[in-house]
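The next block is query_10.json, given as JSON, C-alpha atoms and all ligand atoms.
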[["chain", "number", "residue", "atom", "x", "y", "z"],
["A", 1, "MET", "CA", 14.59, 4.14, -28.42],
["A", 2, "ALA", "CA", 14.67, 3.71, -24.68],
["A", 3, "ARG", "CA", 17.40, 1.48, -23.34],
["A", 4, "ILE", "CA", 15.05, -0.81, -21.50],
["A", 5, "SER", "CA", 13.07, -1.64, -24.60],
["A", 6, "ARG", "CA", 16.27, -2.28, -26.54],
["A", 7, "ARG", "CA", 17.34, -4.61, -23.75],
["A", 8, "ALA", "CA", 14.01, -6.41, -23.74],
["A", 9, "ALA", "CA", 14.23, -6.88, -27.50],
["A", 10, "THR", "CA", 17.81, -8.14, -27.17],
["A", 11, "LEU", "CA", 16.92, -10.65, -24.47],
["A", 12, "GLY", "CA", 13.91, -11.85, -26.42],
["A", 13, "ALA", "CA", 15.93, -12.38, -29.57],
["A", 14, "ALA", "CA", 18.88, -13.98, -27.77],
["A", 15, "SER", "CA", 17.12, -17.29, -27.28],
["A", 16, "LEU", "CA", 16.92, -17.68, -31.05],
["A", 17, "LEU", "CA", 20.61, -17.14, -31.59],
["A", 18, "VAL", "CA", 23.58, -19.46, -31.23],
["A", 19, "GLY", "CA", 27.38, -19.34, -30.98],
["A", 20, "ALA", "CA", 29.27, -16.19, -31.87],
["A", 21, "ALA", "CA", 26.19, -14.08, -32.38],
["A", 22, "ARG", "CA", 25.02, -14.76, -28.84],
["A", 23, "THR", "CA", 28.49, -13.99, -27.42],
["A", 24, "ALA", "CA", 28.53, -10.65, -29.25],
["A", 25, "LEU", "CA", 25.11, -9.77, -27.88],
["A", 26, "ALA", "CA", 26.09, -10.72, -24.34],
["A", 27, "LYS", "CA", 28.65, -7.89, -24.22],
["A", 28, "GLU", "CA", 25.91, -5.34, -24.70],
["A", 29, "GLU", "CA", 23.61, -6.74, -22.10],
["A", 30, "LEU", "CA", 22.99, -4.87, -18.88],
["A", 31, "PRO", "CA", 23.40, -6.49, -15.45],
["A", 32, "ALA", "CA", 21.32, -9.64, -15.14],
["A", 33, "PRO", "CA", 18.39, -9.65, -12.70],
["A", 34, "THR", "CA", 19.26, -10.56, -9.12],
["A", 35, "ALA", "CA", 19.27, -14.33, -8.61],
["A", 36, "GLN", "CA", 16.95, -14.10, -5.62],
["A", 37, "ALA", "CA", 13.70, -12.20, -5.68],
["A", 38, "VAL", "CA", 12.81, -9.52, -3.17],
["A", 39, "ARG", "CA", 9.59, -9.97, -1.21],
["A", 40, "VAL", "CA", 7.12, -7.08, -1.30],
["A", 41, "VAL", "CA", 4.46, -6.84, 1.41],
["A", 42, "PHE", "CA", 1.46, -4.69, 0.52],
["A", 43, "HIS", "CA", -0.40, -3.18, 3.46],
["A", 44, "VAL", "CA", -3.94, -3.15, 2.08],
["A", 45, "PRO", "CA", -6.65, -0.76, 3.37],
["A", 46, "GLU", "CA", -8.88, -2.43, 5.93],
["A", 47, "ASP", "CA", -11.97, -0.84, 4.35],
["A", 48, "ALA", "CA", -12.51, -2.58, 0.99],
["A", 49, "ALA", "CA", -14.11, 0.63, -0.37],
["A", 50, "ASN", "CA", -10.64, 2.22, -0.25],
["A", 51, "VAL", "CA", -9.07, -0.52, -2.39],
["A", 52, "LYS", "CA", -9.42, 1.19, -5.76],
["A", 53, "GLY", "CA", -7.38, 2.74, -8.56],
["A", 54, "ALA", "CA", -3.71, 1.88, -8.20],
["A", 55, "LEU", "CA", -4.37, -0.04, -4.98],
["A", 56, "THR", "CA", -6.20, -3.09, -6.34],
["A", 57, "GLU", "CA", -4.43, -6.44, -6.44],
["A", 58, "ALA", "CA", -4.48, -6.41, -10.24],
["A", 59, "ALA", "CA", -2.97, -2.92, -10.37],
["A", 60, "THR", "CA", -0.24, -3.63, -7.82],
["A", 61, "ASN", "CA", 0.64, -6.91, -9.56],
["A", 62, "ALA", "CA", 0.94, -5.06, -12.88],
["A", 63, "SER", "CA", 3.11, -2.42, -11.19],
["A", 64, "LEU", "CA", 5.43, -5.14, -9.86],
["A", 65, "VAL", "CA", 5.86, -6.54, -13.38],
["A", 66, "ILE", "CA", 6.80, -3.07, -14.65],
["A", 67, "ALA", "CA", 9.22, -2.62, -11.74],
["A", 68, "GLU", "CA", 10.92, -5.96, -12.47],
["A", 69, "LYS", "CA", 11.41, -4.99, -16.09],
["A", 70, "LEU", "CA", 12.72, -1.48, -15.39],
["A", 71, "LEU", "CA", 14.91, -2.25, -12.35],
["A", 72, "GLY", "CA", 16.20, -5.72, -13.26],
["A", 73, "VAL", "CA", 15.22, -7.03, -9.81],
["A", 74, "GLY", "CA", 12.84, -9.94, -9.24],
["A", 75, "PHE", "CA", 9.89, -9.17, -6.95],
["A", 76, "ARG", "CA", 7.51, -11.60, -5.24],
["A", 77, "ARG", "CA", 4.31, -10.54, -3.59],
["A", 78, "GLY", "CA", 4.37, -11.64, 0.05],
["A", 79, "GLU", "CA", 1.36, -12.36, 2.20],
["A", 80, "GLY", "CA", -0.60, -9.15, 2.50],
["A", 81, "ALA", "CA", -1.09, -7.17, 5.67],
["A", 82, "SER", "CA", -4.15, -5.15, 6.65],
["A", 83, "LEU", "CA", -3.73, -1.39, 7.01],
["A", 84, "PRO", "CA", -5.89, 0.14, 9.76],
["A", 85, "GLU", "CA", -8.43, 2.72, 8.64],
["A", 86, "ARG", "CA", -6.73, 5.58, 10.49],
["A", 87, "PHE", "CA", -3.87, 5.40, 7.96],
["A", 88, "ALA", "CA", -6.13, 5.82, 4.91],
["A", 89, "ARG", "CA", -5.25, 9.52, 4.56],
["A", 90, "LEU", "CA", -1.72, 10.60, 5.39],
["A", 91, "GLU", "CA", -1.43, 14.31, 6.10],
["A", 92, "THR", "CA", 1.76, 14.91, 8.06],
["A", 93, "ARG", "CA", 5.30, 13.71, 8.63],
["A", 94, "ALA", "CA", 4.10, 12.21, 11.91],
["A", 95, "ASP", "CA", 1.48, 10.17, 10.01],
["A", 96, "ARG", "CA", 4.19, 8.80, 7.72],
["A", 97, "ASN", "CA", 6.50, 8.10, 10.66],
["A", 98, "GLU", "CA", 3.80, 6.19, 12.47],
["A", 99, "LEU", "CA", 3.67, 3.61, 9.66],
["A", 100, "SER", "CA", 7.11, 2.42, 10.75],
["A", 101, "SER", "CA", 5.48, 0.58, 13.67],
["A", 102, "LEU", "CA", 3.85, -1.73, 11.09],
["A", 103, "LEU", "CA", 7.00, -2.76, 9.20],
["A", 104, "THR", "CA", 7.57, -6.45, 8.53],
["A", 105, "ALA", "CA", 11.02, -8.00, 8.69],
["A", 106, "GLY", "CA", 13.02, -8.77, 5.56],
["A", 107, "SER", "CA", 10.61, -7.29, 3.00],
["A", 108, "VAL", "CA", 9.90, -4.11, 1.10],
["A", 109, "ASP", "CA", 6.82, -2.69, 2.83],
["A", 110, "VAL", "CA", 4.35, -0.81, 0.60],
["A", 111, "PHE", "CA", 1.50, 1.03, 2.33],
["A", 112, "LEU", "CA", -1.56, 1.60, 0.13],
["A", 113, "VAL", "CA", -3.42, 4.80, 0.98],
["A", 114, "THR", "CA", -6.32, 6.91, -0.28],
["A", 115, "SER", "CA", -4.45, 10.20, -0.15],
["A", 116, "LEU", "CA", -0.91, 11.31, 0.55],
["A", 117, "ARG", "CA", -0.38, 15.00, 1.33],
["A", 118, "ASP", "CA", 2.92, 16.56, 0.28],
["A", 119, "VAL", "CA", 4.66, 17.54, 3.53],
["A", 120, "ASP", "CA", 6.75, 20.32, 1.95],
["A", 121, "ASP", "CA", 4.03, 21.99, -0.13],
["A", 122, "THR", "CA", 0.81, 21.11, 1.68],
["A", 123, "ARG", "CA", -1.34, 22.34, -1.23],
["A", 124, "LEU", "CA", -0.22, 19.25, -3.14],
["A", 125, "HIS", "CA", -0.84, 15.55, -2.98],
["A", 126, "ARG", "CA", 1.65, 12.93, -4.02],
["A", 127, "ARG", "CA", 1.20, 9.65, -5.86],
["A", 128, "GLY", "CA", 3.94, 7.92, -3.92],
["A", 129, "VAL", "CA", 6.83, 8.46, -1.55],
["A", 130, "THR", "CA", 9.76, 6.50, -0.17],
["A", 131, "TRP", "CA", 10.11, 7.40, 3.48],
["A", 132, "THR", "CA", 12.42, 6.76, 6.42],
["A", 133, "HIS", "CA", 11.44, 7.42, 10.01],
["A", 134, "TYR", "CA", 14.56, 9.00, 11.47],
["A", 135, "ARG", "CA", 14.92, 8.64, 15.21],
["A", 136, "ALA", "CA", 17.81, 9.37, 17.55],
["A", 137, "PRO", "CA", 20.15, 6.39, 18.11],
["A", 138, "ALA", "CA", 18.99, 6.28, 21.74],
["A", 139, "ALA", "CA", 15.41, 5.89, 20.49],
["A", 140, "GLY", "CA", 16.37, 2.94, 18.30],
["A", 141, "GLY", "CA", 17.71, 4.73, 15.19],
["A", 142, "ALA", "CA", 16.20, 4.99, 11.72],
["A", 143, "ARG", "CA", 13.36, 2.75, 10.56],
["A", 144, "GLY", "CA", 12.92, 2.20, 6.86],
["A", 145, "PRO", "CA", 12.99, 3.01, 4.08],
["A", 146, "TYR", "CA", 9.44, 2.04, 3.20],
["A", 147, "ILE", "CA", 7.05, 3.02, 0.41],
["A", 148, "VAL", "CA", 3.67, 4.71, 0.45],
["A", 149, "LEU", "CA", 1.52, 4.47, -2.68],
["A", 150, "ALA", "CA", -1.66, 6.52, -3.24],
["A", 151, "ASP", "CA", -4.65, 5.32, -5.27],
["A", 152, "SER", "CA", -3.82, 8.04, -7.85],
["A", 153, "ALA", "CA", -0.45, 6.39, -8.62],
["A", 154, "SER", "CA", 0.47, 5.64, -12.22],
["A", 155, "PRO", "CA", 1.47, 2.09, -13.23],
["A", 156, "SER", "CA", 5.18, 3.00, -12.91],
["A", 157, "THR", "CA", 5.01, 5.01, -9.65],
["A", 158, "LEU", "CA", 5.87, 1.90, -7.66],
["A", 159, "ALA", "CA", 8.93, 1.28, -9.87],
["A", 160, "HIS", "CA", 10.03, 4.91, -9.30],
["A", 161, "GLU", "CA", 9.70, 4.52, -5.53],
["A", 162, "LEU", "CA", 11.53, 1.18, -5.62],
["A", 163, "GLY", "CA", 14.27, 3.06, -7.50],
["A", 164, "HIS", "CA", 14.59, 5.34, -4.46],
["A", 165, "PHE", "CA", 14.42, 2.30, -2.17],
["A", 166, "PHE", "CA", 17.45, 0.85, -4.00],
["A", 167, "GLY", "CA", 19.51, 4.02, -3.80],
["A", 168, "LEU", "CA", 18.54, 6.16, -6.82],
["A", 169, "SER", "CA", 18.02, 9.93, -6.71],
["A", 170, "HIS", "CA", 16.11, 12.07, -9.16],
["A", 171, "VAL", "CA", 17.75, 12.87, -12.51],
["A", 172, "GLU", "CA", 16.80, 15.28, -15.28],
["A", 173, "ALA", "CA", 17.03, 13.00, -18.34],
["A", 174, "ARG", "CA", 13.77, 12.92, -20.29],
["A", 175, "ASN", "CA", 11.68, 9.76, -19.75],
["A", 176, "ASN", "CA", 14.14, 8.38, -17.24],
["A", 177, "LEU", "CA", 12.16, 6.52, -14.55],
["A", 178, "MET", "CA", 13.70, 8.82, -11.92],
["A", 179, "SER", "CA", 12.86, 12.05, -13.78],
["A", 180, "TYR", "CA", 9.80, 14.30, -13.74],
["A", 181, "ASP", "CA", 10.59, 15.28, -17.35],
["A", 182, "ARG", "CA", 8.26, 13.05, -19.35],
["A", 183, "GLU", "CA", 6.90, 12.83, -22.83],
["A", 184, "GLU", "CA", 5.41, 9.96, -24.76],
["A", 185, "GLY", "CA", 7.76, 6.98, -24.89],
["A", 186, "GLU", "CA", 9.07, 4.22, -22.70],
["A", 187, "GLU", "CA", 10.62, 4.84, -19.33],
["A", 188, "PHE", "CA", 14.10, 3.51, -18.63],
["A", 189, "LEU", "CA", 17.07, 3.48, -16.26],
["A", 190, "ASP", "CA", 20.57, 4.02, -17.63],
["A", 191, "GLU", "CA", 23.39, 1.54, -17.08],
["A", 192, "ARG", "CA", 24.85, 3.43, -14.13],
["A", 193, "GLN", "CA", 21.48, 3.47, -12.38],
["A", 194, "LEU", "CA", 20.92, -0.23, -13.08],
["A", 195, "ARG", "CA", 24.32, -1.00, -11.57],
["A", 196, "THR", "CA", 23.45, 0.97, -8.43],
["A", 197, "VAL", "CA", 20.14, -0.90, -8.06],
["A", 198, "LYS", "CA", 21.92, -4.21, -8.51],
["A", 199, "GLN", "CA", 24.64, -3.35, -5.98],
["A", 200, "VAL", "CA", 22.23, -2.10, -3.33],
["A", 201, "SER", "CA", 19.73, -4.93, -3.76],
["A", 202, "THR", "CA", 22.50, -7.56, -3.70],
["A", 203, "ALA", "CA", 24.06, -6.02, -0.58],
["A", 204, "ARG", "CA", 20.73, -5.94, 1.25],
["A", 205, "LEU", "CA", 19.99, -9.55, 0.31],
["A", 206, "ARG", "CA", 23.48, -10.68, 1.39],
["A", 207, "SER", "CA", 23.18, -8.91, 4.74],
["A", 208, "LYS", "CA", 19.71, -10.44, 5.23],
["A", 209, "TRP", "CA", 18.30, -6.94, 5.59],
["A", 210, "LEU", "CA", 16.06, -8.27, 2.82],
["A", 211, "VAL", "CA", 15.30, -11.99, 2.86],
["A", 212, "GLY", "CA", 15.54, -13.39, -0.68],
["A", 213, "VAL", "CA", 12.87, -15.69, -2.02],
["A", 214, "PRO", "CA", 13.40, -18.14, -4.90],
["A", 301, "ZN", "ZN", 10.92, 10.48, -6.51]]

Do you think you could lay out the structure here as structure tokens?
Amino acid sequence: MARISRRAATLGAASLLVGAARTALAKEELPAPTAQAVRVVFHVPEDAANVKGALTEAATNASLVIAEKLLGVGFRRGEGASLPERFARLETRADRNELSSLLTAGSVDVFLVTSLRDVDDTRLHRRGVTWTHYRAPAAGGARGPYIVLADSASPSTLAHELGHFFGLSHVEARNNLMSYDREEGEEFLDERQLRTVKQVSTARLRSKWLVGVP
């Protein structure tokens, strides 16, 4: 059974238990969710016809719930921003870089697009990417990271990209959220990955790089 589902079952059952039993369970529990939630700003396509599939409010809200459960971080949807039509289809690195001019302060920015071309293998399209616009220090330095989500994204693509946002790389373990090796079953992060996410998210909240919301 995937770790995350075991954890969910443990947390659900814990409220029914008292005394020693609860203490014993507590030792097995993974890091608690961050006390403050992280604000997520969705940049929604200006043209309502492009708000479909994974990009609808219902779909992005559902994806945030999945991300909270898998990453152990609280997320709050911030006030949305409008994404100009010229960003609906991202083809090149320059297109991705240009999004950095639209970043908001203190939030995770998620840009919702109709298509997202792979910039390494241009025959492919991606469902999501976590991107940083690297510039020379004299030009103001790096901007990001930020997330791009395509309308073909799966319900857990956002959680995967948030994993990158909070410092995780790809792994090869089957059904791990950060793996491409999937079969039927629940996705999960292992304890080491959850600790990394907690450390990085806590550090960014403490430094005010991300502004926590209650
Ligand atoms: Zn990835």

Measuring atom to atom with only C-alpha atoms and all ligand atoms, identify which of A:His164, A:His133, A:Arg89, A:Arg117 is nearest to ligand ZN 301 (chain A). A:His164

If the limit is 9 Å from any atom of ligand ZN 301 (chain A), counting only C-alpha atoms and all ligand atoms, which residues qualify? Return them as a ChimeraX atom specification. /A:128-130,157,160-161,163-164,168-170,178-180

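Closest approach to A:Asp47 among A:Ala88, A:Ala159, A:Val73, A:Ala81: A:Ala88, based on only C-alpha atoms.
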
Atom CA of A:Leu158 and atom CA of A:Ala136 are how many Å apart? 28.9 Å

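Our summary of the geometry notes that atom CA of A:Leu103 is positioned 13.9 Å from atom CA of A:Val211.
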
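As for atom CA of A:Arg76 and atom CA of A:Leu112, they are spaced 16.9 Å apart.
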
Nearest candidate to A:Ser152 (options A:His125, A:Arg174, A:Arg195, A:Arg182; using all atoms listed in the file): A:His125

Between A:Phe111, A:Val44, A:Thr60, A:Val171, which is the closest to A:Arg192 once you count only C-alpha atoms? A:Val171

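Nearest-residue note for A:Val41: choosing from A:Ala105, A:Ala153, A:Ala203, A:Ala142, the minimum distance belongs to A:Ala105, counting only C-alpha atoms.
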
For A:Asp151, which of A:Leu177, A:Val108, A:Ala37, A:Leu116 is the closest residue, counting only C-alpha atoms? A:Leu116

What's the 10 Å shell around A:Gly80, counting only C-alpha atoms, without same-chain residues fewer than 4 positions away, as a ChimeraX atom specification? /A:40-44,109-110

Box dimensions and centre (Å, one decimal) enclosing stretch 60-75 of chain A, axis-aligned, 3 Å extra per side, as lines of an AutoDock Vina configuration file:
center_x = 8.0
center_y = -5.7
center_z = -11.5
size_x = 22.4
size_y = 14.5
size_z = 15.1

Find the residues around A:Leu70 up to 9 Å (all atoms listed in the file counted), leave out those fewer than 5 positions away in its own chain, and share them as a list of chain:residue names. A:Ile4, A:Val65, A:Ala159, A:Leu177, A:Glu187, A:Phe188, A:Leu189, A:Leu194

Set the distance at 9 Å and use all atoms listed in the file: which residues neighbour A:Ser201 once local chain neighbours fewer than 2 positions away are removed? I'd like the list as an NGL selection string. :A and (34 or 38 or 73 or 166-167 or 196-199 or 203-206 or 210)
